[in-house]
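S.K.: What follows is a single structure, and I will ask about it in a moment.
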Amino acid sequence: MENLIGLLVAVPLLGAALLLCGGRRLDGKGHYIGTVLAAASFAIGAVLFADMLGRGEHDRALHSKVFSWIPVGGFRADVAFQLDQLSMTFVLLITGVGTLIHIYSIGYMEHDERRRRFFGYLNLFLAAMLLLVLADNYLLLYVGWEGVGLASYLLIGFWQHKPSAATAAKKAFIVNRVGDVGLSIAIMLMFTTFGTFAFAPVLSNAGDAGEGKVTAIGLMLLLAACGKSAQVPLQSWLGDAMEGPTPVSALIHAATMVTAGVYLITRSGAIFNAAPDAQAAVVAVGAVTLLFGAIVGCAKDDIKKALAGSTMSQIGYMILAAGLGPIGYVFAIMHLVTHGFFKAGLFLGAGSVMHAMNDEVDMRKYGGLRKYMPVTFVTFGLGYLAIIGFPGLSGFWSKDKIIEAAFAKGGTEGWILGGAALLGAAITAYYMTRVMLLTFFGEKRWVPDEEGHEPHPHESPSSMTIPMIVLAVGSVFAGGLFSLNDAFLKWLEPVTGHSHGDSPLSAAAVTGGTMVVLLIGVALAWAQYGRRPVPRTAPRGSLLTRAARRDLLQDDFNHVALVKPGQYLTRGLVYVDHKLVDGVVNGTAASVGGLSGRLRKLQNGYARTYAVSMFGGTAVLIAATLLMRAV
Amino acid sequence: MTHAATVHSLWTTAAAAPDKIPSPHVEYGQLSPTLIVLGAAIVGVLVEAFIPRRQRYVAQLFVSVVALAAAFAAVIGLAAGGYGTSKARVAAMGAIAVDGPALFLQGTILLVALVAVFTFAERRLDPVVHGNRVDSFAAQAAAVPGGDAEKAAVKAGFTTTEVFPLVLFAVGGMLVFPSANDLLTLFVALEVFSLPLYILCALARRQRTLSQEAAVKYFLLGAFSSAFLLFGIALLYGYAGTVSYSGIADVVDGQVRNVTPALAGTMGNDALLLIGGAMVLMGLLFKIGAVPFHMWTPDVYQGAPTPVTGFMAAATKVAAFGALLRLLYVVLPGLRWDWRPVMWGVAIVTMLGGAIVAVTQTDVKRLLAYSSIAHAGFILAGVIATTPDGISSVLFYLAAYSFVTLGAFAVVTLVRDAGGEATHLSKWAGLGRRSPLVAAVFAVFLLAFAGIPLTSGFAGKFAVFKAAADGGAGPLVVIGVISSAIAAFFYIRVIVLMFFSEPRTDGPSVAVPSPLTSSAIAIGVAVTLVLGVAPQYFLDLASQAGVFVR
């Protein structure tokens, strides 16, 4: 069984190699190869899952060392995998959703001439993401971490002919680098503190390492998580990342890669448990981001950007839960999985709508689509109900638990966090209802595209609708299934640990409160977008609306706080380089050249001159030798 | 060889007991590498005398290759027999040392010579003349350039196959040079390898006058330096009453005081020692090409036929540095505090002088000549270390450098236009676009010269600088690194020129060589990369070979 773990990574990696190196010969069947290999990876994952269920809950973890990667003195890095319940959860999510999105992409990318390359990148992403969650040490995790970053960069910029896509890819890459620096520093600190990178020794000794060091490691890990999971203050790249093809947004920028930060924090739970200050920073980041993303989501007219804001906000929930410590880890991962279903479903639905509407993304130019795209409408609608936390659906179970856990943190902190989580739920209900109403209800506000083609919305082909249906089923039932008998809690508890906090509010009260704010949010959106006609061009809006449309001024902030000073710094450095460094360098070069030219004249071609030089040299040699003795 | 030994014993015995001459005792087995090569050289002369002109080329090539390979096998055999380490000894009545450094250097010289012979034998580069394939050497060396006799010789398809025995004679001398254990043997070996080189330099097929001028200059200046060397030997004899290395060393250390009556007035006179030592040193520094005794180098390197230049630049340097090491470590270790500061000065001006003057060179052969001067300076830094690491680093550097040099000059023979080799640098512009492989290979050699990691040049430079720094010559290392930086400029400039300039319309073409030159270049690249990527085995080998016998 252990050997299958390596295969899990190797299969999609093989696909990437085949598709990216195979050349045009594979153009006709590349997408099938990619999809089959993704499905094969899922099948291996399922086999491993069945095997794992067959064992007692405390010996479920598998370990497999492939080879010694860098053995240099005391420095040891192995390529070794670890498959426990936490990794298993991710493996199933990644390969399952990944396979569905491969299938969806067959239809979605049908007319793209670079489809083979697209599937190659998707397979590369799967391999890297699986490596990330299967690594048994931080260094190998880092390889996967960078691998998914690369795949994300390649896929955001997949339509590189569009300058906006190329810019978005660069932005994502650069912002992620900031986070990656955090991860690399954290790994270096781990090595100096613990002398190893492997999870087991690092995490079991985290308690004894001294709080200062552990806090530093924790904060650096948080920085890494902020970059990858688009959390404040490194959130700015996610909205622009929607320039990538929609299946990419669904897989990488909603369901899987952006949740890597949650995985990292949950996996490093022991470190955060030992560093309360770092934990406080985590919950603060989570709480701020869940509101930030939700507010941004309210103001966006671009359907994908509205969903991106929502993603940011939902990951904020997960980070918040992970920051709560053992009371929240399980629920962070549970929300991560349910979110993987409904957010991927929502994005696929959005892609289906765009497919039907000549790639129009402005929701103000949709309207009344429910009659034309019934399957998309129903699946999107189920995703919508799931995300706002409609009772019984997936989101209800997982989000409710997080809000409960936030209150259970206790004290003023608990009230603040719980309040923020509740407020977030209200805003979520508002912006998602808005998306729903603008897209599927009301009257048609369609406009012809630039070439004058009237949109003729139609249902998407079955290769696209089937994945949407599967994900919708997951959105409806997954949460309930997980909560049945606390199945998910029992499954994950051996890895992450769990404790019930003592909440000042009863579970029923929290649920009730959530229902109330949910209704308020829906009602507000209905009042604004359901009752009266929606203008095709957005009204000017309040100051907050305008700020939210500009992503709460994130780019302006980055520009003033980072870009400008950076530019001044580089200008200053360039000045110093030109005037001072170049002056010295060029001056040296010129003087060497001048000296060379003069010395060269000594070489005049006459043997007599050479003989004189030798004679003089010998004289000096003798004189110097004698002088040395005299001294 | 026997000749040298006889002279030696005549000299020493004549001084002691003029009435009886003992028959010399010679260990033929331990001297077999030298004897094989010199014997083959004589066979080569006989081939010239008795074999018809048409078959000489093949016969000579065969004799040379077999002799060099056999001699190399003999060196390996001796080393495997422990003569490099535990059984190291002085042979031929004290004239020749058979020890680690000697065997290592002899092995290097033989391999270099073998590869060089490949380039000597190349006959595909020059255009076919009157239906005959020709090599880099004059049709008839004795014919006046441009005269009727030359034209007739060219028309008849003559070639100077004498180059092969000449090379073998030179190699024979070079094998003795670093293993000579007394000053007279040293001198004889010097002449044995210098005289054939003077002749070889004059043998270029193209630009014969330039070639002859180079040979005359080399001969005049070589004779001049030999005179100094010989005078230095006389002074040292006057000081010590013997020409044997260990004998002189004993006197320097004050262990021997049995004054020969005839030398009572001079023995133990330090002025004689210092002046004589400096003069012998000068003779060796001339061969090494150290500043200010380097001025022959650019002219001779440029004028000589390029295969000869490559052979000279590689093998002569190995032999001369070997002799210098032995002189400084065996004869004059007691004088360390006198010669070290002087050698510091020589090393500094050599490194800086070679590097700086190279910056403004426009001819690729002259550029490589100045580069060889700068490298002589780097090696001197290792010599000055006066530690076992110093010896082994110098041995390694010599092996690494000689193959880079051979390869680089072999590439120079390929780039040609109507006038023969196109050595002006401006003609190399854009070579990388027309002949990417040749340019890439040359770039590898240039990077190795510059000492870029993963080439043998880096490993060698690192070894000598480390040895020098450990030996207390820190400032020398700093200057060495500065010189390397200056030198890197002109190496990289050639690479830039080859790869990033527009090709000239009247630019040279790259000739397709026979397997001979191809394999010479391939061996150069292979050694450069192997010694660069995995130097440890060879460094270990060099450090095992790093002990001189006394």
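Here's how to read the names in the structure tokens: chain A, B, ... by the order shown, residue numbers from 1 in each chain, ligand numbers from 1 in the order shown.
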Could the residues of chain B that have an atom at most 6 Å from chain A be listed as a Markdown table, each with its closest atom pair and the distance in Å to one decimal, counting only C-alpha atoms and ordered by chain and ascending residue number?

M.R.:
| residue | atom | partner | partner_atom | distance |
| --- | --- | --- | --- | --- |
| B:Lys217 | CA | A:Ala607 | CA | 5.8 |
| B:Ile275 | CA | A:Ile622 | CA | 5.6 |
| B:Ala278 | CA | A:Ile622 | CA | 5.5 |
| B:Pro292 | CA | A:Gly617 | CA | 5.7 |
| B:Phe293 | CA | A:Met614 | CA | 5.0 |
| B:Met295 | CA | A:Tyr610 | CA | 5.7 |
| B:Asp338 | CA | A:Met628 | CA | 5.7 |
| B:Ile356 | CA | A:Ser596 | CA | 5.2 |
| B:Val357 | CA | A:Ser596 | CA | 4.5 |

S.K.: Could you save those same residues with all heavy atoms as a JSON list (two decimals), in the first residue's frame?

M.R.:
[["chain", "number", "residue", "atom", "x", "y", "z"],
["B", 217, "LYS", "N", 64.13, 34.38, -32.93],
["B", 217, "LYS", "CA", 64.03, 35.10, -31.65],
["B", 217, "LYS", "C", 64.08, 34.11, -30.49],
["B", 217, "LYS", "O", 64.79, 34.33, -29.49],
["B", 217, "LYS", "CB", 62.72, 35.86, -31.58],
["B", 217, "LYS", "CG", 62.72, 37.18, -32.29],
["B", 217, "LYS", "CD", 61.36, 37.83, -32.09],
["B", 217, "LYS", "CE", 61.22, 39.04, -32.97],
["B", 217, "LYS", "NZ", 59.83, 39.51, -33.01],
["B", 275, "ILE", "N", 73.78, 34.49, -5.94],
["B", 275, "ILE", "CA", 73.83, 34.94, -7.34],
["B", 275, "ILE", "C", 73.60, 33.74, -8.26],
["B", 275, "ILE", "O", 72.81, 33.79, -9.21],
["B", 275, "ILE", "CB", 75.17, 35.61, -7.64],
["B", 275, "ILE", "CG1", 75.30, 36.87, -6.78],
["B", 275, "ILE", "CG2", 75.28, 35.97, -9.12],
["B", 275, "ILE", "CD1", 76.67, 37.52, -6.86],
["B", 278, "ALA", "N", 69.99, 32.65, -8.17],
["B", 278, "ALA", "CA", 69.13, 33.58, -8.91],
["B", 278, "ALA", "C", 69.27, 33.35, -10.40],
["B", 278, "ALA", "O", 68.28, 33.41, -11.15],
["B", 278, "ALA", "CB", 69.48, 35.01, -8.55],
["B", 292, "PRO", "N", 59.88, 39.33, -15.84],
["B", 292, "PRO", "CA", 60.11, 39.99, -17.13],
["B", 292, "PRO", "C", 60.88, 39.13, -18.13],
["B", 292, "PRO", "O", 61.58, 39.68, -18.97],
["B", 292, "PRO", "CB", 60.94, 41.19, -16.70],
["B", 292, "PRO", "CG", 61.76, 40.68, -15.56],
["B", 292, "PRO", "CD", 60.94, 39.64, -14.88],
["B", 293, "PHE", "N", 60.79, 37.81, -18.01],
["B", 293, "PHE", "CA", 61.52, 36.96, -18.96],
["B", 293, "PHE", "C", 60.55, 36.37, -19.98],
["B", 293, "PHE", "O", 60.80, 35.32, -20.57],
["B", 293, "PHE", "CB", 62.23, 35.83, -18.20],
["B", 293, "PHE", "CG", 62.95, 36.33, -16.98],
["B", 293, "PHE", "CD1", 62.44, 36.10, -15.71],
["B", 293, "PHE", "CD2", 64.10, 37.09, -17.10],
["B", 293, "PHE", "CE1", 63.08, 36.59, -14.59],
["B", 293, "PHE", "CE2", 64.75, 37.57, -15.98],
["B", 293, "PHE", "CZ", 64.23, 37.32, -14.71],
["B", 295, "MET", "N", 59.12, 37.93, -22.71],
["B", 295, "MET", "CA", 58.80, 38.70, -23.91],
["B", 295, "MET", "C", 58.86, 37.89, -25.18],
["B", 295, "MET", "O", 58.26, 38.25, -26.18],
["B", 295, "MET", "CB", 59.72, 39.92, -23.98],
["B", 295, "MET", "CG", 59.44, 40.83, -22.80],
["B", 295, "MET", "SD", 60.34, 42.35, -22.86],
["B", 295, "MET", "CE", 59.15, 43.44, -23.58],
["B", 338, "ASP", "N", 65.22, 33.60, 1.53],
["B", 338, "ASP", "CA", 65.82, 34.49, 0.55],
["B", 338, "ASP", "C", 65.03, 34.50, -0.75],
["B", 338, "ASP", "O", 64.82, 35.54, -1.34],
["B", 338, "ASP", "CB", 67.26, 34.05, 0.27],
["B", 338, "ASP", "CG", 68.11, 34.19, 1.50],
["B", 338, "ASP", "OD1", 68.36, 35.34, 1.89],
["B", 338, "ASP", "OD2", 68.49, 33.16, 2.10],
["B", 356, "ILE", "N", 47.03, 42.17, -17.66],
["B", 356, "ILE", "CA", 46.76, 43.54, -18.13],
["B", 356, "ILE", "C", 47.09, 43.66, -19.62],
["B", 356, "ILE", "O", 46.31, 44.21, -20.40],
["B", 356, "ILE", "CB", 47.57, 44.55, -17.30],
["B", 356, "ILE", "CG1", 46.98, 44.63, -15.90],
["B", 356, "ILE", "CG2", 47.55, 45.92, -17.95],
["B", 356, "ILE", "CD1", 47.75, 45.50, -14.95],
["B", 357, "VAL", "N", 48.24, 43.15, -20.02],
["B", 357, "VAL", "CA", 48.60, 43.34, -21.43],
["B", 357, "VAL", "C", 47.65, 42.55, -22.34],
["B", 357, "VAL", "O", 47.36, 42.97, -23.46],
["B", 357, "VAL", "CB", 50.07, 42.95, -21.68],
["B", 357, "VAL", "CG1", 50.45, 43.18, -23.13],
["B", 357, "VAL", "CG2", 50.97, 43.76, -20.77]]

S.K.: Running DSSP on the backbone, which parts of range 13-124 of chain B land in helix (DSSP H, G or I), as a ChimeraX atom specification?

M.R.: /B:13-16,32-50,53-80,100-120

S.K.: Apply DSSP to the structure's backbone, then extract all residues of range 28-159 of chain B labelled strand (DSSP E) and return them as a PyMOL selection string.

M.R.: chain B and resi 89-91+96-98

S.K.: Those same residues - all heavy atoms - I'd like them written as a short mmCIF file (atom, residue, chain, number, x, y, z; two decimals), in the first residue's frame.

M.R.:
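Contents of the output file selection-v7.cif:
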data_model
loop_
_atom_site.label_atom_id
_atom_site.label_comp_id
_atom_site.auth_asym_id
_atom_site.auth_seq_id
_atom_site.Cartn_x
_atom_site.Cartn_y
_atom_site.Cartn_z
N ARG B 89 63.27 7.01 -5.50
CA ARG B 89 64.72 6.91 -5.33
C ARG B 89 65.44 7.72 -6.39
O ARG B 89 64.83 8.24 -7.32
CB ARG B 89 65.14 5.45 -5.44
CG ARG B 89 64.59 4.79 -6.69
CD ARG B 89 65.12 3.43 -6.88
NE ARG B 89 66.56 3.52 -6.98
CZ ARG B 89 67.36 2.47 -6.84
NH1 ARG B 89 66.84 1.30 -6.55
NH2 ARG B 89 68.65 2.60 -6.98
N VAL B 90 66.73 7.81 -6.21
CA VAL B 90 67.55 8.50 -7.19
C VAL B 90 68.27 7.47 -8.03
O VAL B 90 68.89 6.56 -7.50
CB VAL B 90 68.56 9.41 -6.48
CG1 VAL B 90 69.46 10.08 -7.49
CG2 VAL B 90 67.84 10.45 -5.64
N ALA B 91 68.13 7.60 -9.36
CA ALA B 91 68.68 6.59 -10.25
C ALA B 91 69.83 7.16 -11.07
O ALA B 91 70.13 8.36 -10.98
CB ALA B 91 67.59 6.06 -11.17
N ILE B 96 69.23 11.23 -11.97
CA ILE B 96 67.79 11.29 -12.24
C ILE B 96 67.03 10.87 -10.99
O ILE B 96 67.38 9.86 -10.37
CB ILE B 96 67.40 10.30 -13.37
CG1 ILE B 96 68.20 10.57 -14.65
CG2 ILE B 96 65.91 10.35 -13.64
CD1 ILE B 96 67.69 11.69 -15.47
N ALA B 97 66.02 11.63 -10.64
CA ALA B 97 65.16 11.24 -9.53
C ALA B 97 63.95 10.51 -10.08
O ALA B 97 63.37 10.92 -11.08
CB ALA B 97 64.72 12.46 -8.75
N VAL B 98 63.60 9.42 -9.45
CA VAL B 98 62.37 8.72 -9.81
C VAL B 98 61.47 8.80 -8.58
O VAL B 98 61.61 8.05 -7.64
CB VAL B 98 62.63 7.25 -10.18
CG1 VAL B 98 61.33 6.57 -10.58
CG2 VAL B 98 63.64 7.18 -11.31
#

S.K.: Which residue out of A:Phe390, A:Tyr104, A:Phe119, A:Phe173 has the minimum interatomic distance to Trp237 in chain A when only C-alpha atoms are used?

M.R.: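 Of all the options, A:Phe173 lies closest to Trp237 in chain A.
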
S.K.: Set the distance at 10 Å and use only C-alpha atoms: which residues neighbour Ile391 in chain B once local chain neighbours fewer than 2 positions away are removed? I'd like the list as a PyMOL selection string.

M.R.: chain B and resi 101+322+325-326+329+382-389+393-397+464+467+542-543+545-548

S.K.: Just the residues within 7 Å of range 40-52 of chain B, please, counting only C-alpha atoms, with nothing from its chain fewer than 4 positions along; format it as number ranges by chain.

M.R.: B: 36, 56, 60, 63-64, 67, 162, 165, 168-169

S.K.: Could you write out the selected residues, including C-alpha atoms, as a CSV table (one decimal), in the first residue's frame?

M.R.:
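Writing done, so here's again07.csv:
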chain,number,residue,atom,x,y,z
B,36,ILE,CA,61.5,4.6,-25.0
B,56,ARG,CA,56.9,8.2,-44.0
B,60,GLN,CA,56.2,8.3,-38.3
B,63,VAL,CA,56.1,5.2,-34.2
B,64,SER,CA,55.3,8.4,-32.3
B,67,ALA,CA,56.3,5.2,-28.3
B,162,GLU,CA,60.7,15.2,-39.5
B,165,PRO,CA,61.1,12.6,-34.4
B,168,LEU,CA,60.0,12.9,-29.6
B,169,PHE,CA,63.4,14.4,-28.9

S.K.: Taking only C-alpha atoms into account, name the residue in A:Gly286, A:Tyr329, A:Gly269, A:Pro276 that is nearest to Ser229 in chain A.

M.R.: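 The closest residue to Ser229 in chain A is A:Gly286.
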
S.K.: Counting only C-alpha atoms, what is within 6 Å of range 211-227 of chain A, bar same-chain residues fewer than 4 positions away, as JSON, numbers by chain?

M.R.: {"A": [176, 179, 180, 182, 183, 186, 231, 234, 261, 272, 275, 278]}

S.K.: Taking 6 positions as the minimum chain separation for residues in the same chain, which residues sit within 8 Å of range 239-250 of chain A when counting only C-alpha atoms? Answer as a compact mmCIF listing (two decimals) with N, CA, C and O atoms, in the first residue's frame.

M.R.:
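Just written: result14.txt:
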# COMPACT_ATOMS: atom_id res chain seq x y z
N ILE A 101 -13.20 18.60 -12.84
CA ILE A 101 -12.88 19.82 -13.58
C ILE A 101 -12.11 19.50 -14.86
O ILE A 101 -12.25 20.19 -15.87
N TYR A 104 -14.95 18.73 -17.16
CA TYR A 104 -15.61 19.98 -17.54
C TYR A 104 -14.79 20.72 -18.59
O TYR A 104 -15.32 21.26 -19.56
N SER A 105 -13.45 20.72 -18.39
CA SER A 105 -12.58 21.48 -19.29
C SER A 105 -12.58 20.91 -20.70
O SER A 105 -12.29 21.63 -21.65
N TYR A 108 -15.26 22.90 -22.03
CA TYR A 108 -15.05 24.35 -21.92
C TYR A 108 -13.93 24.82 -22.82
O TYR A 108 -14.00 25.89 -23.41
N LEU A 155 -1.38 28.98 -15.41
CA LEU A 155 -2.79 28.89 -15.80
C LEU A 155 -3.51 30.24 -15.74
O LEU A 155 -4.38 30.50 -16.55
N ILE A 156 -3.13 31.09 -14.80
CA ILE A 156 -3.73 32.43 -14.80
C ILE A 156 -3.35 33.13 -16.10
O ILE A 156 -4.17 33.79 -16.74
N GLY A 157 -2.10 32.97 -16.48
CA GLY A 157 -1.63 33.62 -17.70
C GLY A 157 -1.82 32.77 -18.93
O GLY A 157 -1.14 32.97 -19.93
N PHE A 158 -2.74 31.79 -18.85
CA PHE A 158 -2.85 30.87 -19.97
C PHE A 158 -3.20 31.59 -21.27
O PHE A 158 -2.68 31.27 -22.33
N TRP A 159 -4.08 32.58 -21.16
CA TRP A 159 -4.37 33.39 -22.36
C TRP A 159 -3.43 34.56 -22.35
O TRP A 159 -3.83 35.71 -22.17
N SER A 164 -4.02 41.76 -19.87
CA SER A 164 -4.55 41.70 -18.51
C SER A 164 -4.24 40.35 -17.87
O SER A 164 -3.91 40.28 -16.68
N ALA A 165 -4.29 39.27 -18.67
CA ALA A 165 -4.00 37.94 -18.13
C ALA A 165 -2.53 37.84 -17.76
O ALA A 165 -2.16 37.32 -16.70
N ALA A 168 -1.98 39.78 -14.64
CA ALA A 168 -2.55 39.10 -13.47
C ALA A 168 -1.65 37.95 -13.03
O ALA A 168 -1.44 37.74 -11.83
N ALA A 169 -1.11 37.22 -14.01
CA ALA A 169 -0.23 36.10 -13.67
C ALA A 169 1.00 36.59 -12.93
O ALA A 169 1.41 36.02 -11.91
N LYS A 171 1.26 39.33 -11.24
CA LYS A 171 0.87 39.85 -9.93
C LYS A 171 0.73 38.69 -8.94
O LYS A 171 1.26 38.75 -7.82
N ALA A 172 0.05 37.63 -9.38
CA ALA A 172 -0.12 36.49 -8.49
C ALA A 172 1.24 35.92 -8.11
O ALA A 172 1.49 35.59 -6.94
N LYS A 304 -17.23 36.52 -11.82
CA LYS A 304 -16.12 35.75 -11.27
C LYS A 304 -15.43 36.50 -10.15
O LYS A 304 -14.97 35.90 -9.17
N LYS A 305 -15.39 37.84 -10.27
CA LYS A 305 -14.72 38.59 -9.20
C LYS A 305 -15.58 38.59 -7.95
O LYS A 305 -15.05 38.60 -6.82
N ALA A 308 -14.79 35.48 -6.45
CA ALA A 308 -13.44 35.50 -5.88
C ALA A 308 -13.46 36.15 -4.51
O ALA A 308 -12.81 35.68 -3.57
N GLY A 309 -14.21 37.25 -4.40
CA GLY A 309 -14.34 37.89 -3.09
C GLY A 309 -14.94 36.92 -2.09
O GLY A 309 -14.49 36.83 -0.93
N LYS A 343 -18.14 25.86 -3.92
CA LYS A 343 -17.51 26.96 -4.65
C LYS A 343 -17.07 26.50 -6.04
O LYS A 343 -17.22 27.23 -7.03
N ALA A 344 -16.55 25.26 -6.13
CA ALA A 344 -16.21 24.75 -7.46
C ALA A 344 -17.46 24.69 -8.33
O ALA A 344 -17.45 25.08 -9.49
N GLY A 345 -18.57 24.23 -7.72
CA GLY A 345 -19.83 24.18 -8.46
C GLY A 345 -20.25 25.56 -8.92
O GLY A 345 -20.68 25.74 -10.07
N LEU A 346 -20.15 26.56 -8.05
CA LEU A 346 -20.55 27.91 -8.42
C LEU A 346 -19.69 28.44 -9.56
O LEU A 346 -20.19 29.05 -10.50
N PHE A 347 -18.38 28.18 -9.47
CA PHE A 347 -17.52 28.67 -10.55
C PHE A 347 -17.83 27.97 -11.87
O PHE A 347 -17.86 28.58 -12.92
N LEU A 348 -18.06 26.66 -11.79
CA LEU A 348 -18.40 25.96 -13.03
C LEU A 348 -19.70 26.50 -13.60
O LEU A 348 -19.85 26.65 -14.81
N ALA A 350 -20.77 29.56 -13.19
CA ALA A 350 -20.44 30.85 -13.79
C ALA A 350 -19.81 30.65 -15.15
O ALA A 350 -20.12 31.39 -16.11
N GLY A 351 -18.92 29.65 -15.25
CA GLY A 351 -18.31 29.37 -16.54
C GLY A 351 -19.35 28.97 -17.57
O GLY A 351 -19.29 29.39 -18.73

S.K.: Can you tell me which residues surround Thr514 in chain A at a distance of at most 12 Å, considering only C-alpha atoms, apart from same-chain residues fewer than 5 positions away, and format the answer as an NGL selection string?

M.R.: :A and (388-391 or 395-397 or 399-404 or 418-429 or 507-509 or 519-521)

S.K.: I need the residues from that last selection saved to file as a compact mmCIF listing (two decimals), in the first residue's frame (with N, CA and C atoms), if you can.

M.R.:
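Result went into result.txt, see below:
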# COMPACT_ATOMS: atom_id res chain seq x y z
N ILE A 388 -24.71 30.07 1.46
CA ILE A 388 -25.28 31.01 2.44
C ILE A 388 -25.65 30.29 3.73
N GLY A 389 -25.58 28.96 3.71
CA GLY A 389 -25.84 28.22 4.94
C GLY A 389 -27.31 27.91 5.14
N PHE A 390 -28.00 27.62 4.04
CA PHE A 390 -29.40 27.23 4.13
C PHE A 390 -29.48 25.93 4.91
N PRO A 391 -30.41 25.86 5.86
CA PRO A 391 -30.43 24.69 6.76
C PRO A 391 -30.47 23.38 6.00
N GLY A 395 -23.04 23.88 3.49
CA GLY A 395 -22.46 25.06 4.12
C GLY A 395 -23.04 25.31 5.50
N PHE A 396 -24.28 24.96 5.67
CA PHE A 396 -24.94 25.16 6.96
C PHE A 396 -24.18 24.44 8.07
N TRP A 397 -23.86 23.19 7.82
CA TRP A 397 -23.21 22.36 8.85
C TRP A 397 -21.84 22.89 9.20
N LYS A 399 -20.29 25.94 8.37
CA LYS A 399 -20.13 27.32 8.78
C LYS A 399 -20.68 27.54 10.19
N ASP A 400 -21.78 26.89 10.45
CA ASP A 400 -22.39 27.00 11.76
C ASP A 400 -21.42 26.59 12.85
N LYS A 401 -20.68 25.50 12.59
CA LYS A 401 -19.72 25.01 13.58
C LYS A 401 -18.62 26.04 13.80
N ILE A 402 -18.19 26.70 12.73
CA ILE A 402 -17.11 27.68 12.88
C ILE A 402 -17.59 28.85 13.72
N ILE A 403 -18.83 29.31 13.45
CA ILE A 403 -19.36 30.44 14.23
C ILE A 403 -19.46 30.04 15.70
N GLU A 404 -19.93 28.83 15.93
CA GLU A 404 -19.99 28.32 17.30
C GLU A 404 -18.62 28.32 17.95
N GLY A 418 -16.97 35.92 17.16
CA GLY A 418 -18.29 35.39 16.84
C GLY A 418 -19.12 36.43 16.11
N GLY A 419 -19.05 37.67 16.59
CA GLY A 419 -19.80 38.73 15.93
C GLY A 419 -19.36 38.92 14.50
N ALA A 420 -18.03 38.91 14.30
CA ALA A 420 -17.52 39.09 12.94
C ALA A 420 -18.00 37.95 12.05
N ALA A 421 -17.96 36.71 12.58
CA ALA A 421 -18.37 35.56 11.78
C ALA A 421 -19.85 35.66 11.44
N LEU A 422 -20.67 36.12 12.39
CA LEU A 422 -22.11 36.28 12.12
C LEU A 422 -22.33 37.36 11.07
N LEU A 423 -21.65 38.49 11.26
CA LEU A 423 -21.78 39.58 10.29
C LEU A 423 -21.40 39.08 8.89
N GLY A 424 -20.29 38.31 8.87
CA GLY A 424 -19.86 37.74 7.59
C GLY A 424 -20.96 36.88 6.98
N ALA A 425 -21.65 36.10 7.81
CA ALA A 425 -22.72 35.24 7.28
C ALA A 425 -23.81 36.09 6.65
N ALA A 426 -24.14 37.22 7.31
CA ALA A 426 -25.17 38.10 6.77
C ALA A 426 -24.74 38.66 5.42
N ILE A 427 -23.51 39.13 5.35
CA ILE A 427 -23.04 39.73 4.10
C ILE A 427 -22.98 38.66 3.00
N THR A 428 -22.55 37.45 3.40
CA THR A 428 -22.51 36.36 2.43
C THR A 428 -23.90 36.14 1.82
N ALA A 429 -24.90 36.09 2.69
CA ALA A 429 -26.26 35.90 2.20
C ALA A 429 -26.63 37.02 1.24
N ALA A 507 -25.74 26.03 21.32
CA ALA A 507 -25.67 25.75 19.89
C ALA A 507 -26.93 26.21 19.19
N ALA A 508 -28.05 26.01 19.83
CA ALA A 508 -29.32 26.41 19.23
C ALA A 508 -29.37 27.92 19.03
N ALA A 509 -28.87 28.66 20.03
CA ALA A 509 -28.90 30.11 19.92
C ALA A 509 -28.05 30.58 18.75
N LEU A 519 -31.52 35.63 6.90
CA LEU A 519 -32.75 36.18 6.33
C LEU A 519 -32.61 37.67 6.08
N ILE A 520 -31.99 38.37 6.99
CA ILE A 520 -31.79 39.80 6.80
C ILE A 520 -31.01 40.06 5.52
N GLY A 521 -29.92 39.29 5.35
CA GLY A 521 -29.08 39.47 4.16
C GLY A 521 -29.86 39.22 2.89

S.K.: Report, in Å with one decimal, the straight-line distance from CA of His355 in chain A to CA of Val36 in chain A.

M.R.: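 If I compute the distance from CA of His355 in chain A to CA of Val36 in chain A, I get 24.3 Å.
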
S.K.: What is the CA of Tyr372 in chain A-CA of Arg536 in chain A distance in Å, reported with one decimal?

M.R.: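 A separation of 20.0 Å between them.
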
S.K.: Quick one: contact table of range 42-107 of chain B to range 307-319 of chain B, 10 Å max, nearest atom pair and distance in Å to one decimal per residue, counting only C-alpha atoms, chain and number order, as CSV?

M.R.:
residue,atom,partner,partner_atom,distance
B:Ala102,CA,B:Ala319,CA,9.4
B:Leu105,CA,B:Val318,CA,6.7
B:Gln106,CA,B:Ala319,CA,8.1
